[in-house]
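Enquirer: Have a look at the structure that comes next, please.
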Amino acid sequence: MKLYGFGQSRSFRCLWALEEAGIDYDYVPIKMRVEADDPLSAQHPDYLKLNQQGKVPTLVDGSLVLTESVAILYYLGRYAPDAGLLPNASMDVYARLDELMCFALAELEQPLWSNGKHRFALPEQQRIPQMLDTAKFEFAKALACLDRLLPDSEYAVAEQFTIADIMLAHTFNWAIRFEFDVPQRYRALRDRHYQRPAAQRALARIEAS
């Protein structure tokens with residue numbers, strides 16, 4: 001199994017999950033915003049054959065290629081069921097996990113990516129400075145909703161560490177790095193999960209690459 005990634009981008013979720021699951025893998029650091037003739041560029045023709053968008057992550061497992069981080073998290077959870085990243089639980093627990101994953105992707109992450117796009121990712125002529133305030137407004141609304149969705153417990157669902165915890169911790173780490181207003185409850189969630197040995201190994205992996 002091989003994971004192509006870049007720093008603490010969305011690919012970090014997948015790297016963390018690989019470490020939690022104890023799966024053997026190769027990690028290939030990809031360079032963003034560099035010339036396409038660099039063999040490790042996200043725009044290199046060989047990489048674009050795997051990921052047409054020239055983004056990360058990309059997971060390759062035999063003939064299977066996945067390029068969406070949430071799909072990769074679910075795949076790794078099913079690939080290594082004994083790791084517990086997907087709980088062995090009832091349908092209502094799974095429904096709650098799915099709801100939190102969808103919410104994190106559609107509501108929490110969306111304003112963070114809007115911020116990133118309109119600060120550095122889009123061509124300058126396509127950036128809208130007013131989007132930065134709009135993104136913070138949308139993020140605050142999402143937090144108010146999450147307060148009602150997320151139980152006041154150590155883990156998001158099933159009283160165990162799952163892919164939902166990876167998703168939430170990574171998203172709040174993103175928000176903190178982008179200097180969004182993150183309440184102490186969610187800063188503590190990020191800190192708690194990022195102290196897990198697997199998260200620390202994943203961080204060390206990207207720092208060494």
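We label chains A, B, ... in the order they appear in the structure tokens, count residues from 1 in each chain, and number ligands from 1 in the order shown.
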Report as a ChimeraX atom specification all protein, DNA and RNA residues lying within 10 Å of Leu50 in chain A, evaluated on only C-alpha atoms, omitting residues in the same chain fewer than 4 positions from it.
Expert: /A:4,45-46,54-55,58-60,65-67
Enquirer: Could you pull the residues within 10 Å of Ala188 in chain A, counting only C-alpha atoms, minus those fewer than 6 positions along the same chain, as a list in words?
Expert: Ala169, Phe172, Val182 and Tyr194 of chain A
Enquirer: Hey, what's within 9 Å of Met101 in chain A if we count only C-alpha atoms and toss same-chain stuff fewer than 6 positions away? As a list of chain:residue names, please?
Expert: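 Near neighbours after the sequence-gap exclusion: A:Val70, A:Ile163, A:Ala164, A:Met167, A:Leu168.
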Enquirer: A:Ala144, A:His170, A:Glu207, A:Asp26: which is nearest Ser11 in chain A, counting only C-alpha atoms?
Expert: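 Among A:Ala144, A:His170, A:Glu207, A:Asp26, it is A:His170 that comes nearest to Ser11 in chain A.
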Enquirer: Do you know which residues are at most 12 Å from Leu146 in chain A counting only C-alpha atoms, after dropping those on the same chain fewer than 4 positions away, and could you put them as a ChimeraX atom specification?
Expert: /A:99-104,107-108,139-142,150-152,156,168,183,185-186
Enquirer: Would you mind listing what lies within 10 Å of range 85-98 of chain A as an mmCIF file with C-alpha atoms, in the first residue's frame, with only C-alpha atoms counted and same-chain residues fewer than 5 positions away left out?
Expert:
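Contents of the output file part32.cif:
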```cif
data_model
loop_
_atom_site.group_PDB
_atom_site.id
_atom_site.type_symbol
_atom_site.label_atom_id
_atom_site.label_comp_id
_atom_site.auth_asym_id
_atom_site.auth_seq_id
_atom_site.Cartn_x
_atom_site.Cartn_y
_atom_site.Cartn_z
ATOM 1 C CA ALA A 17 -5.088 6.167 10.101
ATOM 2 C CA GLU A 20 -3.389 3.551 13.923
ATOM 3 C CA ALA A 21 -4.246 0.490 11.848
ATOM 4 C CA LEU A 73 -10.350 6.558 6.024
ATOM 5 C CA TYR A 74 -13.313 4.236 5.544
ATOM 6 C CA TYR A 75 -11.228 1.912 3.365
ATOM 7 C CA LEU A 76 -8.468 1.645 5.951
ATOM 8 C CA GLY A 77 -11.014 1.058 8.702
ATOM 9 C CA ARG A 78 -12.450 -1.868 6.747
ATOM 10 C CA TYR A 79 -9.006 -3.125 5.658
ATOM 11 C CA ALA A 80 -7.872 -3.506 9.279
ATOM 12 C CA PHE A 103 -20.762 17.218 8.961
ATOM 13 C CA ALA A 104 -17.020 17.662 9.431
ATOM 14 C CA LEU A 149 -24.096 16.871 17.704
ATOM 15 C CA LEU A 150 -20.960 15.868 19.604
ATOM 16 C CA ALA A 156 -16.971 11.056 19.126
ATOM 17 C CA VAL A 157 -18.877 7.742 18.949
ATOM 18 C CA ALA A 158 -18.998 4.279 20.510
ATOM 19 C CA GLU A 159 -16.730 5.197 23.446
ATOM 20 C CA GLN A 160 -13.681 4.317 21.352
ATOM 21 C CA PHE A 161 -11.248 6.027 18.986
ATOM 22 C CA THR A 162 -12.538 5.957 15.412
ATOM 23 C CA ILE A 163 -12.059 7.677 12.087
ATOM 24 C CA ALA A 164 -14.485 10.355 13.322
ATOM 25 C CA ASP A 165 -11.937 11.364 15.960
ATOM 26 C CA ILE A 166 -9.193 11.573 13.333
#
```
